[in-house]
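K.L.:
What follows is protein01.txt, compact mmCIF, C-alpha atoms.
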```
# COMPACT_ATOMS: atom_id res chain seq x y z
CA MET A 1 132.38 113.40 100.72
CA LYS A 2 128.65 113.88 101.28
CA ARG A 3 126.65 110.85 102.30
CA THR A 4 123.90 109.68 99.98
CA ILE A 5 120.58 108.74 101.53
CA ILE A 6 117.43 107.23 100.08
CA VAL A 7 114.13 107.81 101.89
CA ILE A 8 111.28 105.45 101.02
CA GLY A 9 107.94 107.16 101.60
CA GLY A 10 106.76 110.73 101.17
CA GLY A 11 104.55 110.95 104.24
CA ALA A 12 105.14 112.89 107.44
CA ALA A 13 108.06 110.81 108.75
CA GLY A 14 109.67 110.42 105.34
CA MET A 15 109.58 114.10 104.42
CA PHE A 16 110.82 115.12 107.87
CA ALA A 17 113.67 112.62 107.67
CA ALA A 18 114.59 113.92 104.22
CA VAL A 19 114.61 117.53 105.44
CA HIS A 20 116.88 116.84 108.38
CA ALA A 21 119.21 114.55 106.47
CA ALA A 22 119.63 117.33 103.91
CA ARG A 23 120.07 119.94 106.63
CA ASN A 24 122.98 117.85 107.88
CA GLY A 25 124.70 117.89 104.52
CA ALA A 26 123.52 114.63 102.92
CA LEU A 27 122.47 114.16 99.31
CA VAL A 28 118.90 112.91 99.67
CA THR A 29 116.56 111.15 97.26
CA LEU A 30 112.96 110.65 98.38
CA LEU A 31 110.88 107.94 96.70
CA GLU A 32 107.08 108.14 96.67
CA LYS A 33 104.89 105.74 94.73
CA ASN A 34 101.88 108.08 94.73
CA GLU A 35 101.34 111.00 92.39
CA LYS A 36 101.86 113.50 95.21
CA LEU A 37 103.47 113.80 98.63
CA GLY A 38 101.73 113.62 101.99
CA LYS A 39 98.61 111.89 100.78
CA LYS A 40 97.70 110.70 104.27
CA ILE A 41 98.44 114.12 105.78
CA TYR A 42 95.67 115.55 103.61
CA ILE A 43 93.02 113.56 105.46
CA THR A 44 94.34 113.79 109.03
CA GLY A 45 92.38 115.87 111.52
CA LYS A 46 89.37 115.83 109.15
CA GLY A 47 91.45 117.63 106.56
CA ARG A 48 92.84 120.16 109.02
CA CYS A 49 95.91 118.19 110.22
CA ASN A 50 96.34 118.06 113.99
CA LEU A 51 100.12 118.16 113.53
CA THR A 52 101.19 117.84 117.18
CA ASN A 53 100.13 118.39 120.77
CA ASN A 54 101.65 121.18 122.86
CA SER A 55 102.75 118.77 125.59
CA SER A 56 106.01 118.09 127.38
CA PRO A 57 108.09 115.00 126.48
CA ASP A 58 106.87 113.30 129.67
CA GLU A 59 103.24 113.96 128.72
CA MET A 60 103.98 112.65 125.23
CA MET A 61 105.33 109.46 126.77
CA GLN A 62 102.11 109.02 128.74
CA ALA A 63 100.09 109.24 125.51
CA ILE A 64 101.86 106.22 124.00
CA THR A 65 99.96 102.96 124.33
CA GLY A 66 102.80 100.74 125.53
CA ARG A 67 106.49 100.68 124.56
CA ALA A 68 106.84 104.32 125.65
CA LYS A 69 110.47 104.01 126.80
CA PHE A 70 111.55 103.51 123.20
CA MET A 71 110.54 107.10 122.40
CA TYR A 72 112.37 108.72 125.32
CA SER A 73 115.52 109.57 123.35
CA ALA A 74 113.64 110.73 120.24
CA PHE A 75 111.31 113.01 122.23
CA SER A 76 114.31 114.36 124.14
CA LYS A 77 116.02 115.34 120.90
CA TRP A 78 112.92 116.60 119.08
CA ASN A 79 109.77 117.51 121.00
CA ALA A 80 106.44 119.15 120.23
CA GLN A 81 107.83 122.65 120.78
CA ASP A 82 110.61 121.91 118.27
CA THR A 83 107.96 120.82 115.76
CA MET A 84 105.93 123.97 116.26
CA ARG A 85 109.02 126.15 115.93
CA PHE A 86 110.09 124.31 112.76
CA PHE A 87 106.80 124.91 110.97
CA GLU A 88 106.43 128.51 112.12
CA GLU A 89 109.98 129.35 111.03
CA ALA A 90 109.17 127.74 107.69
CA GLY A 91 106.23 130.13 107.29
CA LEU A 92 103.27 128.06 108.54
CA ARG A 93 101.20 129.88 111.17
CA LEU A 94 99.83 127.61 113.90
CA LYS A 95 97.07 127.75 116.51
CA GLU A 96 96.25 125.79 119.65
CA GLU A 97 92.81 124.31 120.27
CA ARG A 98 91.07 122.21 122.93
CA GLY A 99 93.29 119.56 124.47
CA ARG A 100 96.42 121.51 123.38
CA ARG A 101 95.97 120.22 119.84
CA ILE A 102 97.99 122.19 117.28
CA PHE A 103 96.57 123.01 113.81
CA PRO A 104 97.53 125.31 110.94
CA VAL A 105 95.75 128.66 111.24
CA SER A 106 94.48 128.07 107.71
CA ASP A 107 92.77 124.80 108.75
CA HIS A 108 94.21 123.26 105.58
CA ALA A 109 96.22 120.06 105.98
CA SER A 110 97.66 120.68 102.52
CA ASP A 111 99.61 123.63 103.93
CA VAL A 112 101.60 121.23 106.14
CA THR A 113 102.65 119.18 103.11
CA LYS A 114 103.41 122.31 101.08
CA THR A 115 105.64 123.61 103.87
CA LEU A 116 107.64 120.39 103.97
CA GLU A 117 107.85 120.18 100.19
CA ARG A 118 109.04 123.77 99.98
CA GLU A 119 111.76 123.07 102.55
CA MET A 120 112.89 119.92 100.72
CA ASN A 121 113.13 121.85 97.46
CA ARG A 122 115.15 124.58 99.18
CA LEU A 123 117.57 121.97 100.49
CA GLY A 124 117.94 120.23 97.14
CA VAL A 125 116.19 116.96 98.01
CA GLN A 126 115.50 114.96 94.85
CA ILE A 127 111.82 114.00 94.94
CA ARG A 128 110.80 111.12 92.71
CA LEU A 129 107.04 110.62 92.49
CA HIS A 130 105.40 107.59 90.82
CA THR A 131 108.42 105.62 92.00
CA GLN A 132 108.00 102.38 93.91
CA ALA A 133 110.71 100.72 95.96
CA LEU A 134 110.77 97.01 95.14
CA GLU A 135 113.59 95.63 97.25
CA VAL A 136 116.09 96.70 99.88
CA ILE A 137 119.47 95.18 99.00
CA THR A 138 122.05 94.38 101.65
CA GLU A 139 125.56 92.97 101.55
CA LYS A 140 127.20 90.69 104.06
CA GLN A 141 129.78 92.20 106.39
CA THR A 142 132.09 90.36 108.78
CA GLU A 143 129.60 90.31 111.65
CA SER A 144 126.46 91.85 110.22
CA ASN A 145 124.67 92.94 107.08
CA ARG A 146 124.96 96.38 105.55
CA PHE A 147 122.54 98.32 103.37
CA CYS A 148 123.87 99.00 99.90
CA ALA A 149 121.09 99.67 97.36
CA ILE A 150 117.41 99.87 96.45
CA LYS A 151 115.67 98.30 93.47
CA ILE A 152 112.98 100.65 92.21
CA CYS A 153 110.39 100.92 89.45
CA ASP A 154 109.32 104.07 87.65
CA LEU A 155 105.56 103.42 87.58
CA LYS A 156 104.93 105.83 84.71
CA ARG A 157 107.55 104.45 82.36
CA GLY A 158 107.70 100.89 83.68
CA ILE A 159 111.48 101.11 83.97
CA LYS A 160 113.33 99.33 86.77
CA GLU A 161 116.71 100.36 88.10
CA THR A 162 118.98 100.00 91.12
CA LEU A 163 120.01 103.00 93.23
CA ARG A 164 123.06 102.72 95.44
CA ALA A 165 123.39 104.84 98.58
CA ASP A 166 125.11 105.00 101.95
CA ALA A 167 121.89 104.68 103.91
CA CYS A 168 118.19 104.06 103.54
CA ILE A 169 115.30 105.32 105.68
CA VAL A 170 112.10 103.27 105.47
CA ALA A 171 109.12 105.53 106.23
CA THR A 172 106.36 103.78 104.32
CA GLY A 173 103.61 104.01 106.93
CA GLY A 174 101.50 101.07 108.04
CA LEU A 175 98.27 99.53 106.76
CA SER A 176 95.78 102.23 107.77
CA TYR A 177 93.95 104.09 105.00
CA PRO A 178 95.35 101.85 102.22
CA SER A 179 93.87 104.22 99.61
CA THR A 180 96.68 106.64 100.50
CA GLY A 181 99.31 104.07 99.58
CA SER A 182 99.82 102.53 103.03
CA THR A 183 99.89 98.92 101.92
CA GLY A 184 102.52 97.47 104.25
CA ASP A 185 105.53 97.79 101.93
CA GLY A 186 107.83 98.66 104.84
CA TYR A 187 106.93 95.47 106.67
CA HIS A 188 107.98 93.43 103.65
CA PHE A 189 111.31 95.28 103.41
CA ALA A 190 111.90 94.79 107.13
CA ALA A 191 111.01 91.09 107.09
CA ALA A 192 113.14 90.45 104.01
CA THR A 193 116.15 91.94 105.80
CA GLY A 194 115.69 89.77 108.88
CA HIS A 195 113.48 91.91 111.12
CA ARG A 196 110.55 90.71 113.19
CA ILE A 197 107.13 92.22 112.52
CA THR A 198 104.78 92.22 115.50
CA SER A 199 101.07 91.47 115.07
CA LEU A 200 99.23 94.18 113.14
CA SER A 201 95.78 95.55 113.89
CA PRO A 202 93.83 98.77 113.16
CA ALA A 203 93.93 101.46 115.86
CA LEU A 204 92.29 104.84 116.40
CA VAL A 205 89.27 103.27 114.75
CA PRO A 206 85.49 103.32 115.42
CA PHE A 207 83.56 100.47 117.06
CA GLU A 208 80.67 98.42 115.80
CA VAL A 209 78.14 97.65 118.53
CA LYS A 210 75.54 94.92 118.93
CA GLU A 211 72.66 97.19 119.97
CA HIS A 212 70.44 98.03 116.98
CA TRP A 213 69.14 101.17 118.66
CA ALA A 214 72.56 102.81 118.30
CA SER A 215 72.09 103.17 114.53
CA ARG A 216 68.89 105.17 115.16
CA LEU A 217 71.08 107.80 116.80
CA GLN A 218 73.30 108.18 113.71
CA GLY A 219 74.81 111.67 113.61
CA LEU A 220 74.17 112.43 117.28
CA SER A 221 77.26 113.79 119.03
CA LEU A 222 77.55 113.71 122.82
CA LYS A 223 80.21 116.29 123.60
CA ASN A 224 80.16 116.12 127.40
CA ALA A 225 79.54 112.53 128.38
CA GLY A 226 81.27 110.34 130.91
CA ILE A 227 82.49 107.21 129.15
CA ILE A 228 83.88 103.97 130.57
CA PHE A 229 85.33 101.17 128.45
CA GLU A 230 85.56 97.72 130.02
CA TYR A 231 87.40 94.65 128.79
CA GLN A 232 86.97 91.33 130.57
CA LYS A 233 85.13 93.19 133.35
CA LYS A 234 88.10 95.51 133.94
CA ILE A 235 88.13 99.22 133.14
CA ILE A 236 90.74 99.81 130.43
CA HIS A 237 89.90 103.46 129.68
CA ARG A 238 87.76 106.14 131.29
CA GLU A 239 86.92 109.70 130.30
CA LYS A 240 85.15 111.79 132.92
CA VAL A 241 84.02 114.17 130.21
CA GLY A 242 84.53 112.97 126.65
CA GLU A 243 83.08 113.20 123.16
CA LEU A 244 81.27 110.38 121.40
CA LEU A 245 79.56 110.18 118.02
CA PHE A 246 76.87 107.67 117.00
CA THR A 247 77.17 106.24 113.49
CA HIS A 248 75.15 103.88 111.30
CA PHE A 249 77.24 100.95 112.57
CA GLY A 250 78.00 101.96 116.16
CA ILE A 251 80.11 104.65 117.78
CA SER A 252 83.07 106.87 116.98
CA GLY A 253 84.53 110.14 118.24
CA PRO A 254 87.70 111.05 120.18
CA ALA A 255 86.92 108.94 123.26
CA VAL A 256 86.23 105.85 121.17
CA LEU A 257 89.34 106.28 119.03
CA THR A 258 91.49 106.61 122.13
CA ALA A 259 90.03 103.45 123.65
CA SER A 260 90.53 101.58 120.38
CA SER A 261 94.29 102.12 120.57
CA ILE A 262 94.33 100.32 123.90
CA LEU A 263 91.87 97.62 122.84
CA SER A 264 93.42 96.83 119.48
CA GLY A 265 96.33 94.82 120.82
CA LEU A 266 94.14 93.17 123.48
CA LEU A 267 91.42 92.02 121.11
CA TYR A 268 93.72 90.94 118.29
CA PRO A 269 96.94 89.65 119.92
CA ASN A 270 97.69 87.60 116.81
CA GLY A 271 96.90 90.42 114.42
CA TYR A 272 93.71 91.57 112.74
CA PRO A 273 92.10 88.44 111.21
CA SER A 274 92.17 88.23 107.42
CA ASP A 275 88.89 86.36 107.48
CA PHE A 276 87.27 88.87 109.77
CA CYS A 277 85.17 87.60 112.66
CA LYS A 278 83.00 89.48 115.12
CA LEU A 279 83.78 89.38 118.81
CA ASP A 280 80.63 87.36 119.45
CA ASP A 281 81.78 84.53 117.17
CA PRO A 282 82.99 81.33 118.90
CA GLU A 283 86.63 82.13 118.12
CA ILE A 284 86.55 85.34 120.13
CA THR A 285 84.74 85.27 123.44
CA ASN A 286 86.09 88.35 125.21
CA GLU A 287 83.47 91.01 125.80
CA VAL A 288 83.92 94.76 125.58
CA LEU A 289 81.39 97.06 127.23
CA VAL A 290 80.92 100.79 126.77
CA SER A 291 79.00 102.62 129.50
CA ILE A 292 77.88 106.21 128.88
CA ASP A 293 77.06 108.66 131.65
CA LEU A 294 74.72 111.23 130.07
CA LYS A 295 74.94 113.52 133.10
CA PRO A 296 78.55 113.24 134.35
CA ALA A 297 78.29 116.43 136.44
CA LEU A 298 75.48 114.92 138.54
CA SER A 299 75.54 112.04 141.01
CA GLU A 300 72.86 109.36 140.83
CA GLN A 301 71.13 111.07 143.77
CA ASP A 302 71.26 114.43 141.95
CA VAL A 303 69.85 112.83 138.80
CA ASP A 304 66.98 111.40 140.83
CA LYS A 305 66.24 114.83 142.33
CA ARG A 306 66.28 116.34 138.84
CA LEU A 307 63.84 113.71 137.60
CA ILE A 308 61.52 114.38 140.52
CA ARG A 309 61.49 118.11 139.66
CA GLU A 310 60.84 117.45 135.99
CA LEU A 311 58.03 114.99 136.65
CA GLU A 312 56.37 117.24 139.24
CA GLY A 313 56.71 120.29 137.03
CA HIS A 314 55.09 118.47 134.10
CA HIS A 315 52.79 116.19 136.08
CA ARG A 316 49.90 116.46 133.62
CA GLN A 317 52.03 115.70 130.56
CA ASN A 318 52.91 112.34 129.04
CA PHE A 319 56.26 110.93 130.20
CA ILE A 320 57.91 111.44 126.79
CA ASN A 321 57.08 115.15 126.92
CA ALA A 322 57.96 115.59 130.59
CA VAL A 323 61.64 114.70 130.02
CA GLN A 324 62.16 116.68 126.81
CA SER A 325 64.60 119.12 128.41
CA LEU A 326 66.92 116.39 129.72
CA PHE A 327 68.31 115.02 126.45
CA PRO A 328 69.02 115.81 122.80
CA ARG A 329 65.81 115.35 120.81
CA LYS A 330 67.11 112.37 118.85
CA LEU A 331 67.96 110.47 122.02
CA ILE A 332 64.57 110.84 123.77
CA PRO A 333 62.55 108.08 122.02
CA VAL A 334 65.48 105.66 122.27
CA ILE A 335 66.19 106.11 125.96
CA ILE A 336 62.49 105.94 126.83
CA GLU A 337 62.19 102.71 124.86
CA LEU A 338 65.17 101.29 126.73
CA SER A 339 63.59 102.27 130.05
CA CYS A 340 60.54 100.11 129.26
CA ILE A 341 58.30 102.94 130.55
CA ASP A 342 55.18 103.67 128.52
CA PRO A 343 55.94 107.00 126.80
CA MET A 344 52.27 107.98 127.00
CA LYS A 345 52.05 107.37 130.74
CA LYS A 346 51.28 110.52 132.71
CA ALA A 347 54.27 111.98 134.55
CA ASP A 348 52.47 111.90 137.91
CA GLN A 349 51.85 108.16 137.45
CA ILE A 350 55.52 107.21 137.16
CA THR A 351 56.41 105.01 140.09
CA SER A 352 59.47 105.48 142.28
CA ARG A 353 60.86 102.23 140.96
CA GLU A 354 60.42 103.34 137.34
CA ARG A 355 61.99 106.72 138.07
CA LYS A 356 65.05 105.17 139.73
CA ARG A 357 65.45 102.70 136.87
CA PHE A 358 65.32 105.58 134.42
CA GLY A 359 67.89 107.49 136.47
CA TYR A 360 70.21 104.51 136.47
CA LEU A 361 69.89 104.29 132.67
CA ILE A 362 70.87 107.95 132.38
CA LYS A 363 74.08 107.23 134.28
CA HIS A 364 74.74 103.82 132.70
CA LEU A 365 73.69 103.71 129.03
CA THR A 366 75.49 100.51 128.05
CA MET A 367 76.51 99.02 124.71
CA HIS A 368 78.34 95.84 123.73
CA VAL A 369 81.15 96.12 121.17
CA SER A 370 81.00 93.53 118.39
CA CYS A 371 84.23 94.52 116.61
CA LEU A 372 86.64 97.27 115.71
CA ARG A 373 86.25 98.70 112.21
CA GLY A 374 88.90 97.81 109.65
CA TRP A 375 91.92 99.30 107.92
CA ASN A 376 89.93 101.65 105.69
CA GLU A 377 88.84 103.65 108.74
CA ALA A 378 91.87 103.20 111.01
CA VAL A 379 93.90 106.34 111.60
CA ILE A 380 97.01 104.34 112.52
CA THR A 381 98.40 100.80 112.69
CA HIS A 382 99.00 99.03 115.98
CA GLY A 383 102.13 96.89 115.65
CA GLY A 384 104.97 96.96 113.16
CA VAL A 385 108.75 96.58 112.98
CA ASP A 386 109.82 95.25 116.38
CA ILE A 387 111.42 98.20 118.17
CA ARG A 388 113.64 95.83 120.16
CA GLU A 389 115.62 95.49 116.92
CA ILE A 390 115.94 99.28 116.46
CA ARG A 391 118.41 101.65 118.14
CA PRO A 392 116.14 104.27 119.76
CA ALA A 393 118.56 107.21 119.55
CA ALA A 394 119.13 106.85 115.81
CA MET A 395 116.22 104.67 114.58
CA GLU A 396 118.84 102.47 112.94
CA SER A 397 118.45 98.72 112.61
CA LYS A 398 120.53 96.57 114.94
CA LYS A 399 120.59 93.91 112.22
CA VAL A 400 121.45 95.92 109.09
CA GLU A 401 123.92 98.78 109.23
CA GLY A 402 122.75 101.85 107.32
CA LEU A 403 119.07 100.83 107.40
CA PHE A 404 116.76 103.13 109.36
CA PHE A 405 113.03 103.14 110.13
CA ALA A 406 110.73 106.05 111.00
CA GLY A 407 107.04 106.70 111.62
CA GLU A 408 104.09 104.35 111.58
CA VAL A 409 106.10 101.41 110.22
CA LEU A 410 107.53 101.02 113.75
CA ASN A 411 105.73 99.17 116.53
CA VAL A 412 104.91 102.30 118.52
CA ASP A 413 101.67 104.31 118.56
CA ALA A 414 99.69 106.71 120.73
CA VAL A 415 96.21 107.96 121.48
CA THR A 416 94.51 110.63 119.41
CA GLY A 417 95.36 114.32 119.76
CA GLY A 418 98.40 114.93 117.55
CA PHE A 419 100.65 112.49 119.38
CA ASN A 420 101.07 110.06 116.49
CA LEU A 421 102.23 112.76 114.12
CA GLN A 422 104.70 113.88 116.78
CA ILE A 423 106.04 110.31 116.78
CA ALA A 424 106.49 110.69 113.02
CA TRP A 425 108.31 114.03 113.38
CA SER A 426 110.55 112.82 116.22
CA THR A 427 111.50 109.48 114.64
CA GLY A 428 111.94 111.16 111.26
CA TYR A 429 114.28 113.73 112.79
CA ALA A 430 116.27 111.04 114.60
CA ALA A 431 116.60 108.84 111.52
CA GLY A 432 117.42 111.69 109.12
CA THR A 433 120.01 113.25 111.39
CA ALA A 434 121.69 109.98 112.32
CA ALA A 435 121.79 108.71 108.73
CA ALA A 436 123.40 111.95 107.56
CA ILE A 437 126.12 112.22 110.21
CA LYS A 438 126.95 108.55 110.62
CA THR A 439 130.72 108.08 110.30
CA GLU A 440 132.34 105.22 108.48
CA GLU A 441 134.19 102.70 110.63
```
Please render this file's structure as structure tokens.
P.N.:
Amino acid sequence: MKRTIIVIGGGAAGMFAAVHAARNGALVTLLEKNEKLGKKIYITGKGRCNLTNNSSPDEMMQAITGRAKFMYSAFSKWNAQDTMRFFEEAGLRLKEERGRRIFPVSDHASDVTKTLEREMNRLGVQIRLHTQALEVITEKQTESNRFCAIKICDLKRGIKETLRADACIVATGGLSYPSTGSTGDGYHFAAATGHRITSLSPALVPFEVKEHWASRLQGLSLKNAGIIFEYQKKIIHREKVGELLFTHFGISGPAVLTASSILSGLLYPNGYPSDFCKLDDPEITNEVLVSIDLKPALSEQDVDKRLIRELEGHHRQNFINAVQSLFPRKLIPVIIELSCIDPMKKADQITSRERKRFGYLIKHLTMHVSCLRGWNEAVITHGGVDIREIRPAAMESKKVEGLFFAGEVLNVDAVTGGFNLQIAWSTGYAAGTAAAIKTEE
């Protein structure tokens, strides 16, 4: 007899789990409370969907911010190359970009969702939209609990019912981008069935900074900057050549998002505060510094030589005009202001001390982080269902037989670059396959 499986959540992990459960002969019902599938996929990668990273399993492990060993089995069974092959065989053409990031050739994230939906329809997965899971029901066994049913509500008709099944896969996402439906439902299901939820905080999220001058640079992108992130006077992340974007509140961009994944758990060990406080409030005294090297290819000595050439070559010009070729136009008035050098001072009147101070600023443009931005801008959630209570090979609960978890709901996350979606694909594959082939004892 075919096993019946209910998947809660129509995101990346949920759809992938449904596909592979069905491929292994199970009768699958997927529940999604939104009006369409893959709502969060539509906005990933700025609408293009960076669906994985063409890295080896070992490189994938290195991209995870802690708890990497948990993913060893899942990555061994389903890696990035398996993901790429799956989508290409399903008709989605892919391309590789900088940093081995993989995107659809079409640059449309919607094509990823359409591919998965098409495959689910081919396999006979029953997709129920506008359907919210209300409760995971378990029954007591001799030594443990066992999943038996789901209470649901048809949001269009307002009708509640109970669906019985052999297994349930919770793939509800986390708390990031709540407008897509990620409102923490999976954490409630897990907690209600006896699982521990670790502290939750936004990750892959921009920073607010204390310096007011940063907002004057809004829209400026530094694509080849050296960036160092310090926490409690220790370097926690460094990019020799990284990309950073100034915003109206502070900084964003790939380098910042990567650092935020590391910082999130450090800054908010007890979870993101409900009554949000800045890092300079009395309750939080740890300081985070961001130091930008505007000329990472040059040493401080080389920068000084370059400044000497520029000042000598434009010795009759005002200082602000003499350094025009060194920086993006938007940055020039800000960095000169920070140098405390009179912008109208003639280039040949700049003292050696002023020049060296300016050179140091070029190599060490420093900002102080006041906070990480919140859930509305977080790409992922740091924290989740405690993976110590999950069997890594199958993604099955150690506490409730027949209950599986996949994707962002788990306490495992990675840096930016397609790695988090690969976690979704790999855990979804593991959960779907294991739930479908699990034998009765």
K.L.:
Using only C-alpha atoms, which of the listed residues (A:Glu300, A:Glu354, A:Glu401, A:Glu32) sits closest to Leu155 of chain A?
P.N.:
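Looking only at the distances to Leu155 of chain A, the closest residue turns out to be A:Glu32.
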K.L.:
Could you name the residues that touch Gly417 of chain A at 12 Å or less, counting all atoms listed in the file, but leaving out those on the same chain fewer than 3 positions away, as a PyMOL selection string?
P.N.:
chain A and resi 44-45+49-55+59-60+63-64+96-103+204+253-255+257-258+379+413-414+420-423
K.L.:
Tell me, counting only C-alpha atoms, for each residue of segment 371-413 of chain A within 12 Å of segment 128-136 of chain A, which pair of atoms is nearest and how far apart they are in Å to one decimal, in rows ordered by chain and increasing number, as a tab-separated table.
P.N.:
```
residue	atom	partner	partner_atom	distance
A:Val400	CA	A:Val136	CA	10.7
A:Gly402	CA	A:Val136	CA	11.2
A:Leu403	CA	A:Val136	CA	9.1
A:Phe404	CA	A:Val136	CA	11.5
```
K.L.:
For each of A:Thr366, A:Gln126, A:Thr198, A:Thr433, take the minimum atom-to-atom distance to Ile335 of chain A, counting all atoms listed in the file, then give the residue where this is smallest.
P.N.:
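Among the listed residues, A:Thr366 lies closest to Ile335 of chain A.
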K.L.:
Pick out the closest residue to Lys438 of chain A from this set: A:Leu94, A:Ala26, A:Cys371, A:Val241. Count only C-alpha atoms.
P.N.:
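Among A:Leu94, A:Ala26, A:Cys371, A:Val241, it is A:Ala26 that comes nearest to Lys438 of chain A.
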K.L.:
Using atom CA of Leu361 of chain A and atom CA of Leu294 of chain A as the two end points, give the distance in Å to one decimal.
P.N.:
8.8 Å
K.L.:
What is the distance between atom CA of Ile152 of chain A and atom CA of Asn34 of chain A, in Å to one decimal?
P.N.:
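Separation between atom CA of Ile152 of chain A and atom CA of Asn34 of chain A: 13.6 Å.
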K.L.:
Neighbouring residues of Phe16 of chain A were defined as those with any atom within 8 Å, considering all atoms listed in the file; residues of the same chain fewer than 4 positions away were excluded. Please report them as a ChimeraX atom specification.
P.N.:
/A:12,20,116,425,428-429,432
K.L.:
Go ahead and compute the interatomic distance for atom CA of Lys223 of chain A and atom CA of Lys330 of chain A, in Å to one decimal.
P.N.:
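Separating atom CA of Lys223 of chain A from atom CA of Lys330 of chain A is a distance of 14.5 Å.
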K.L.:
Could you list as a PyMOL selection string every residue that has an atom within 10 Å of (56.1, 116.9, 138.4), using the file's coordinates and counting all atoms listed in the file?
P.N.:
chain A and resi 307-317+322+346-350
K.L.:
Could you tell me which of A:Arg67, A:Lys39, A:Lys356, A:Lys240 comes closest to Gly173 of chain A if we count all atoms listed in the file?
P.N.:
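Using all atoms listed in the file, Gly173 of chain A sits closest to A:Lys39.
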K.L.:
For Phe86 of chain A, which of A:Val112, A:Phe70, A:Glu239, A:Gly374 is the closest residue, counting all atoms listed in the file?
P.N.:
A:Val112
K.L.:
Can you pull out the residues contacting Thr113 of chain A? Cut-off 12 Å, using all atoms listed in the file, and skip same-chain residues under 4 positions away; I want them as a ChimeraX atom specification.
P.N.:
/A:10-16,36-44,47-49,51,87,90,92,104,108-109,117-120
K.L.:
Which of these, A:His368, A:His248, A:Lys210, A:Lys345, has the shortest distance to Ser291 of chain A once you count all atoms listed in the file?
P.N.:
A:His368
K.L.:
Do a neighbour search on Val7 of chain A at 6 Å with all atoms listed in the file, toss out local chain neighbours closer than 6 positions, and write the hits as number ranges by chain.
P.N.:
A: 30, 168-169
K.L.:
What's around Met61 of chain A at 8 Å? Count all atoms listed in the file, leave out sequence neighbours fewer than 6 positions away in its own chain, and write the answer as a list in words.
P.N.:
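So, after excluding close chain neighbours, the residues are Ala68, Lys69, Met71 and Tyr72 of chain A.
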K.L.:
Could segment 139-152 of chain A be completed with N, CA and C atoms and returned as a JSON list (two decimals), in the coordinates of the input?
P.N.:
```
[["chain", "number", "residue", "atom", "x", "y", "z"],
["A", 139, "GLU", "N", 124.37, 93.78, 101.82],
["A", 139, "GLU", "CA", 125.56, 92.97, 101.55],
["A", 139, "GLU", "C", 126.14, 92.48, 102.87],
["A", 140, "LYS", "N", 126.70, 91.33, 102.85],
["A", 140, "LYS", "CA", 127.20, 90.69, 104.06],
["A", 140, "LYS", "C", 128.51, 91.33, 104.50],
["A", 141, "GLN", "N", 128.55, 91.72, 105.79],
["A", 141, "GLN", "CA", 129.78, 92.20, 106.39],
["A", 141, "GLN", "C", 130.36, 91.09, 107.27],
["A", 142, "THR", "N", 131.44, 91.38, 107.94],
["A", 142, "THR", "CA", 132.09, 90.36, 108.78],
["A", 142, "THR", "C", 131.15, 89.82, 109.84],
["A", 143, "GLU", "N", 130.47, 90.73, 110.56],
["A", 143, "GLU", "CA", 129.60, 90.31, 111.65],
["A", 143, "GLU", "C", 128.14, 90.66, 111.45],
["A", 144, "SER", "N", 127.84, 91.43, 110.44],
["A", 144, "SER", "CA", 126.46, 91.85, 110.22],
["A", 144, "SER", "C", 126.23, 92.19, 108.75],
["A", 145, "ASN", "N", 125.00, 92.50, 108.42],
["A", 145, "ASN", "CA", 124.67, 92.94, 107.08],
["A", 145, "ASN", "C", 124.73, 94.46, 106.99],
["A", 146, "ARG", "N", 124.88, 94.94, 105.77],
["A", 146, "ARG", "CA", 124.96, 96.38, 105.55],
["A", 146, "ARG", "C", 124.09, 96.74, 104.36],
["A", 147, "PHE", "N", 123.34, 97.85, 104.49],
["A", 147, "PHE", "CA", 122.54, 98.32, 103.37],
["A", 147, "PHE", "C", 123.46, 98.79, 102.25],
["A", 148, "CYS", "N", 123.05, 98.51, 101.01],
["A", 148, "CYS", "CA", 123.87, 99.00, 99.90],
["A", 148, "CYS", "C", 123.06, 99.62, 98.75],
["A", 149, "ALA", "N", 121.81, 99.15, 98.52],
["A", 149, "ALA", "CA", 121.09, 99.67, 97.36],
["A", 149, "ALA", "C", 119.59, 99.40, 97.46],
["A", 150, "ILE", "N", 118.85, 100.05, 96.55],
["A", 150, "ILE", "CA", 117.41, 99.87, 96.45],
["A", 150, "ILE", "C", 117.06, 99.56, 94.99],
["A", 151, "LYS", "N", 116.24, 98.53, 94.80],
["A", 151, "LYS", "CA", 115.67, 98.30, 93.47],
["A", 151, "LYS", "C", 114.35, 99.07, 93.39],
["A", 152, "ILE", "N", 114.17, 99.83, 92.34],
["A", 152, "ILE", "CA", 112.98, 100.65, 92.21],
["A", 152, "ILE", "C", 112.33, 100.45, 90.85]]
```
